[in-house]
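Containing mmCIF, C-alpha atoms: work_9.cif.
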data_model
#
loop_
_atom_site.label_atom_id
_atom_site.label_comp_id
_atom_site.auth_asym_id
_atom_site.auth_seq_id
_atom_site.Cartn_x
_atom_site.Cartn_y
_atom_site.Cartn_z
CA MET A 1192 0.00 0.00 0.00
CA GLY A 1193 2.83 2.41 0.79
CA GLU A 1194 4.08 2.19 -2.79
CA LEU A 1195 0.59 3.25 -3.91
CA ASN A 1196 -0.06 5.83 -1.19
CA ARG A 1197 3.13 7.87 -1.56
CA PRO A 1198 2.53 8.89 -5.21
CA ILE A 1199 -1.08 9.74 -4.35
CA LEU A 1200 0.06 11.95 -1.48
CA ALA A 1201 2.73 13.61 -3.63
CA ARG A 1202 0.26 14.31 -6.43
CA LEU A 1203 -2.33 15.63 -4.00
CA TRP A 1204 0.22 18.00 -2.42
CA SER A 1205 1.12 19.33 -5.88
CA PHE A 1206 -2.59 19.99 -6.56
CA VAL A 1207 -3.43 21.81 -3.31
CA ALA A 1208 -0.20 23.78 -2.70
CA PRO A 1209 1.31 26.51 -4.87
CA ALA A 1210 4.31 25.28 -6.90
CA GLU A 1211 6.62 27.63 -5.00
CA LEU A 1212 5.53 26.11 -1.67
CA VAL A 1213 6.05 22.59 -3.02
CA HIS A 1214 9.54 23.61 -4.16
CA ASN A 1215 10.35 25.14 -0.74
CA SER A 1216 9.03 22.34 1.44
CA CYS A 1217 9.30 18.65 2.06
CA LEU A 1218 6.13 16.69 2.82
CA ILE A 1219 6.83 13.64 4.94
CA VAL A 1220 4.82 10.70 6.18
CA MET A 1221 5.53 8.95 9.45
CA GLY A 1222 4.37 6.01 11.51
CA SER A 1223 3.41 2.84 9.67
CA GLU A 1224 3.22 4.80 6.40
CA GLY A 1225 6.80 6.03 6.87
CA ARG A 1226 7.98 2.52 7.73
CA GLY A 1227 6.09 1.05 4.78
CA GLU A 1228 4.31 -1.42 7.07
CA GLN A 1229 0.63 -0.66 6.57
CA ILE A 1230 -1.57 -2.96 4.53
CA LEU A 1231 -4.63 -0.73 4.27
CA LYS A 1232 -5.08 3.01 4.33
CA THR A 1233 -3.98 4.39 7.67
CA ASP A 1234 -4.74 7.57 9.53
CA GLN A 1235 -2.87 10.74 8.64
CA ASP A 1236 0.62 10.89 10.15
CA ASN A 1237 2.28 13.63 8.13
CA ALA A 1238 4.41 16.73 8.52
CA LEU A 1239 5.73 19.56 6.40
CA LEU A 1240 9.26 20.90 6.71
CA VAL A 1241 9.53 24.37 5.20
CA ARG A 1242 12.77 25.88 3.95
CA ASP A 1243 14.21 28.29 6.52
CA GLY A 1244 13.51 31.89 5.50
CA TYR A 1245 10.70 30.98 3.11
CA SER A 1246 7.27 32.45 3.80
CA CYS A 1247 4.07 31.46 2.02
CA PRO A 1248 0.85 33.38 2.70
CA GLU A 1249 -1.11 30.34 1.46
CA LEU A 1250 0.57 27.82 3.79
CA ASP A 1251 -2.28 27.42 6.27
CA GLN A 1252 -4.87 27.20 3.52
CA SER A 1253 -2.77 24.66 1.59
CA VAL A 1254 -2.28 22.31 4.56
CA ARG A 1255 -5.99 22.52 5.43
CA ARG A 1256 -6.91 21.63 1.83
CA PHE A 1257 -4.44 18.72 1.92
CA ASN A 1258 -5.86 17.43 5.22
CA GLN A 1259 -9.46 17.76 4.01
CA ALA A 1260 -8.74 16.06 0.69
CA LEU A 1261 -7.14 13.14 2.52
CA MET A 1262 -10.25 12.83 4.70
CA ASP A 1263 -12.38 12.93 1.53
CA PHE A 1264 -10.21 10.09 0.14
CA GLY A 1265 -10.88 8.02 3.28
CA TYR A 1266 -7.73 8.75 5.31
CA PRO A 1267 -9.02 9.58 8.80
CA PRO A 1268 -7.37 12.31 10.87
CA CYS A 1269 -4.67 11.16 13.24
CA PRO A 1270 -6.13 10.80 16.76
CA GLY A 1271 -2.88 12.28 18.12
CA ASN A 1272 -3.09 15.26 15.72
CA ILE A 1273 0.20 14.31 14.01
CA MET A 1274 -0.76 16.18 10.84
CA VAL A 1275 0.35 19.12 8.72
CA THR A 1276 -2.52 21.18 10.15
CA ASN A 1277 -0.85 21.08 13.58
CA PRO A 1278 1.81 23.85 13.83
CA LEU A 1279 4.16 21.44 15.63
CA TRP A 1280 4.21 19.29 12.49
CA CYS A 1281 4.31 22.16 9.99
CA GLN A 1282 7.23 24.47 10.53
CA PRO A 1283 10.56 25.65 9.15
CA LEU A 1284 13.53 23.34 9.38
CA ALA A 1285 15.03 25.39 12.23
CA GLY A 1286 11.80 24.89 14.18
CA PHE A 1287 11.95 21.13 13.66
CA ARG A 1288 15.55 21.12 14.84
CA ASP A 1289 14.48 22.97 18.00
CA SER A 1290 11.57 20.57 18.48
CA ILE A 1291 13.82 17.54 18.09
CA ARG A 1292 16.25 19.01 20.59
CA GLN A 1293 13.37 19.46 23.05
CA TRP A 1294 12.12 15.93 22.39
CA LEU A 1295 15.60 14.60 23.13
CA TYR A 1296 16.60 16.74 26.10
CA GLY A 1297 13.42 18.40 27.36
CA SER A 1298 11.03 17.25 30.01
CA GLU A 1299 7.81 17.19 27.97
CA THR A 1300 6.00 13.90 28.38
CA ASP A 1301 5.21 13.74 24.63
CA GLY A 1302 8.84 14.30 23.66
CA PRO A 1303 10.00 10.67 23.37
CA MET A 1304 6.83 9.68 21.49
CA ASN A 1305 7.16 12.62 19.06
CA LEU A 1306 10.78 11.71 18.45
CA ALA A 1307 9.85 8.07 17.78
CA ILE A 1308 7.14 9.19 15.35
CA PHE A 1309 9.53 11.54 13.55
CA MET A 1310 12.24 8.87 13.27
CA ASP A 1311 9.98 6.93 10.88
CA ALA A 1312 9.78 9.90 8.48
CA ARG A 1313 9.85 9.30 4.75
CA ALA A 1314 9.78 12.16 2.24
CA VAL A 1315 6.99 11.91 -0.32
CA ALA A 1316 6.80 15.32 -2.00
CA GLY A 1317 8.59 18.58 -2.36
CA THR A 1318 12.33 18.86 -2.12
CA ARG A 1319 14.95 17.38 0.13
CA ARG A 1320 16.97 20.55 -0.33
CA CYS A 1321 14.69 22.38 2.10
CA CYS A 1322 16.05 20.05 4.76
CA GLY A 1323 19.52 21.52 4.65
CA ARG A 1324 21.49 18.89 2.70
CA PRO A 1325 20.54 17.29 -0.60
CA GLY A 1326 19.79 13.62 -0.17
CA ASN A 1327 19.08 13.48 3.55
CA MET A 1328 15.45 12.43 3.13
CA SER A 1329 14.44 9.35 1.23
CA THR A 1330 12.17 9.72 -1.81
CA ALA A 1331 11.42 13.36 -2.61
CA SER A 1332 13.36 15.05 -5.37
#
Give the structure from the file, written as structure tokens.
Amino acid sequence: MGELNRPILARLWSFVAPAELVHNSCLIVMGSEGRGEQILKTDQDNALLVRDGYSCPELDQSVRRFNQALMDFGYPPCPGNIMVTNPLWCQPLAGFRDSIRQWLYGSETDGPMNLAIFMDARAVAGTRRCCGRPGNMSTAS
């Protein structure tokens, strides 16, 4: 299913987000989708890393459209709110670095779980270059 889902998610992101946002972001899936373990459609476990310094006035609208379209396709929302519509999971790369640092060294009770979720990340759309180094995410171009 993962081999089928990832192209669908990538195509959907390219339909709902402006091309400039797609070029300046990296859409990732996590959890069983990121690990490639699911057999059927799973809930939405996704995040968006945005290139540091890039600002898109349509960002909030784009992630809401993406989330809604996935629900329309039968992908239920994540019960833990691990979705691009949650600001924790939709932020610039520097913000993700800070979040990861907090998950590792902070005292938040959700920190270890968030880190475990993020460790399963697999890029599905956008560009790896927004993540700082070309090639450090798996499948996006």
Inset, instruction - Calculate how many Å separate atom CA of Leu1295 of chain A from atom CA of Met1221 of chain A, rounding to one decimal. - result: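 These atoms are spaced 17.9 Å apart.
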Legend entry - Non-local contacts of segment 1246-1257 of chain A (10 Å; all atoms listed in the file; under 6 positions in same chain excluded) as a VMD selection string: chain A and resid 1200 1203 to 1209 1211 to 1212 1215 1238 to 1239 1263 1274 to 1278 1281 1283
Would you save the residues from that selection as a compact mmCIF listing (two decimals), keeping the file's coordinate frame, using C-alpha atoms?
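Contents of the output file result.txt:
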# COMPACT_ATOMS: atom_id res chain seq x y z
CA LEU A 1200 0.06 11.95 -1.48
CA LEU A 1203 -2.33 15.63 -4.00
CA TRP A 1204 0.22 18.00 -2.42
CA SER A 1205 1.12 19.33 -5.88
CA PHE A 1206 -2.59 19.99 -6.56
CA VAL A 1207 -3.43 21.81 -3.31
CA ALA A 1208 -0.20 23.78 -2.70
CA PRO A 1209 1.31 26.51 -4.87
CA GLU A 1211 6.62 27.63 -5.00
CA LEU A 1212 5.53 26.11 -1.67
CA ASN A 1215 10.35 25.14 -0.74
CA ALA A 1238 4.41 16.73 8.52
CA LEU A 1239 5.73 19.56 6.40
CA ASP A 1263 -12.38 12.93 1.53
CA MET A 1274 -0.76 16.18 10.84
CA VAL A 1275 0.35 19.12 8.72
CA THR A 1276 -2.52 21.18 10.15
CA ASN A 1277 -0.85 21.08 13.58
CA PRO A 1278 1.81 23.85 13.83
CA CYS A 1281 4.31 22.16 9.99
CA PRO A 1283 10.56 25.65 9.15
Inset, instruction - For atom CA of Met1310 of chain A and atom CA of Ala1201 of chain A, quote the distance in Å rounded to one decimal. - result: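 Going from atom CA of Met1310 of chain A over to atom CA of Ala1201 of chain A, I get 20.0 Å.
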Inset, instruction - Might you pull out every residue within 8 Å of segment 1267-1273 of chain A, with only C-alpha atoms counted and same-chain residues fewer than 6 positions away left off, and present them as a ChimeraX atom specification? - result: /A:1233-1238,1258,1261,1280
Legend entry - d(atom CA of Asn1196 of chain A, atom CA of Asp1289 of chain A) in Å: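 So the two atoms, atom CA of Asn1196 of chain A and atom CA of Asp1289 of chain A, lie 29.6 Å apart.
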Legend entry - Residues matched by the PyMOL selection byres ((chain A and resi 1308) around 10), written as a ChimeraX atom specification: /A:1220-1223,1225,1236-1237,1273,1302-1307,1309-1312
Next, dump the selected residues to file, keeping only C-alpha atoms, as a PDB file, in the frame of the given file.
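As written to disk, again.pdb reads:
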ATOM      1  CA  VAL A1220       4.820  10.700   6.180  1.00  0.00           C
ATOM      2  CA  MET A1221       5.530   8.950   9.450  1.00  0.00           C
ATOM      3  CA  GLY A1222       4.370   6.010  11.510  1.00  0.00           C
ATOM      4  CA  SER A1223       3.410   2.840   9.670  1.00  0.00           C
ATOM      5  CA  GLY A1225       6.800   6.030   6.870  1.00  0.00           C
ATOM      6  CA  ASP A1236       0.620  10.890  10.150  1.00  0.00           C
ATOM      7  CA  ASN A1237       2.280  13.630   8.130  1.00  0.00           C
ATOM      8  CA  ILE A1273       0.200  14.310  14.010  1.00  0.00           C
ATOM      9  CA  GLY A1302       8.840  14.300  23.660  1.00  0.00           C
ATOM     10  CA  PRO A1303      10.000  10.670  23.370  1.00  0.00           C
ATOM     11  CA  MET A1304       6.830   9.680  21.490  1.00  0.00           C
ATOM     12  CA  ASN A1305       7.160  12.620  19.060  1.00  0.00           C
ATOM     13  CA  LEU A1306      10.780  11.710  18.450  1.00  0.00           C
ATOM     14  CA  ALA A1307       9.850   8.070  17.780  1.00  0.00           C
ATOM     15  CA  PHE A1309       9.530  11.540  13.550  1.00  0.00           C
ATOM     16  CA  MET A1310      12.240   8.870  13.270  1.00  0.00           C
ATOM     17  CA  ASP A1311       9.980   6.930  10.880  1.00  0.00           C
ATOM     18  CA  ALA A1312       9.780   9.900   8.480  1.00  0.00           C
TER      19      ALA A1312
END
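Nearest-residue note for Ala1210 of chain A: choosing from A:Gly1317, A:Gly1244, A:Pro1198, A:Gly1286, the minimum distance belongs to A:Gly1317, counting all atoms listed in the file.
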Name the residues that the PyMOL selection byres ((chain A and resi 1242) around 7) picks from the file above, as a PDB file with C-alpha atoms, keeping the file's coordinate frame, using the file's chain letters and numbers.
ATOM      1  CA  ASN A1215      10.350  25.140  -0.740  1.00  0.00           C
ATOM      2  CA  SER A1216       9.030  22.340   1.440  1.00  0.00           C
ATOM      3  CA  LEU A1240       9.260  20.900   6.710  1.00  0.00           C
ATOM      4  CA  VAL A1241       9.530  24.370   5.200  1.00  0.00           C
ATOM      5  CA  ASP A1243      14.210  28.290   6.520  1.00  0.00           C
ATOM      6  CA  GLY A1244      13.510  31.890   5.500  1.00  0.00           C
ATOM      7  CA  TYR A1245      10.700  30.980   3.110  1.00  0.00           C
ATOM      8  CA  PRO A1283      10.560  25.650   9.150  1.00  0.00           C
ATOM      9  CA  LEU A1284      13.530  23.340   9.380  1.00  0.00           C
ATOM     10  CA  CYS A1321      14.690  22.380   2.100  1.00  0.00           C
ATOM     11  CA  CYS A1322      16.050  20.050   4.760  1.00  0.00           C
TER      12      CYS A1322
END
Six-sided padding of 5 Å per side, axis-aligned box over segment 1258-1277 of chain A, centre and edges in Å, one decimal, as lines of an AutoDock Vina configuration file:
center_x = -6.0
center_y = 14.6
center_z = 9.1
size_x = 22.7
size_y = 23.2
size_z = 28.0
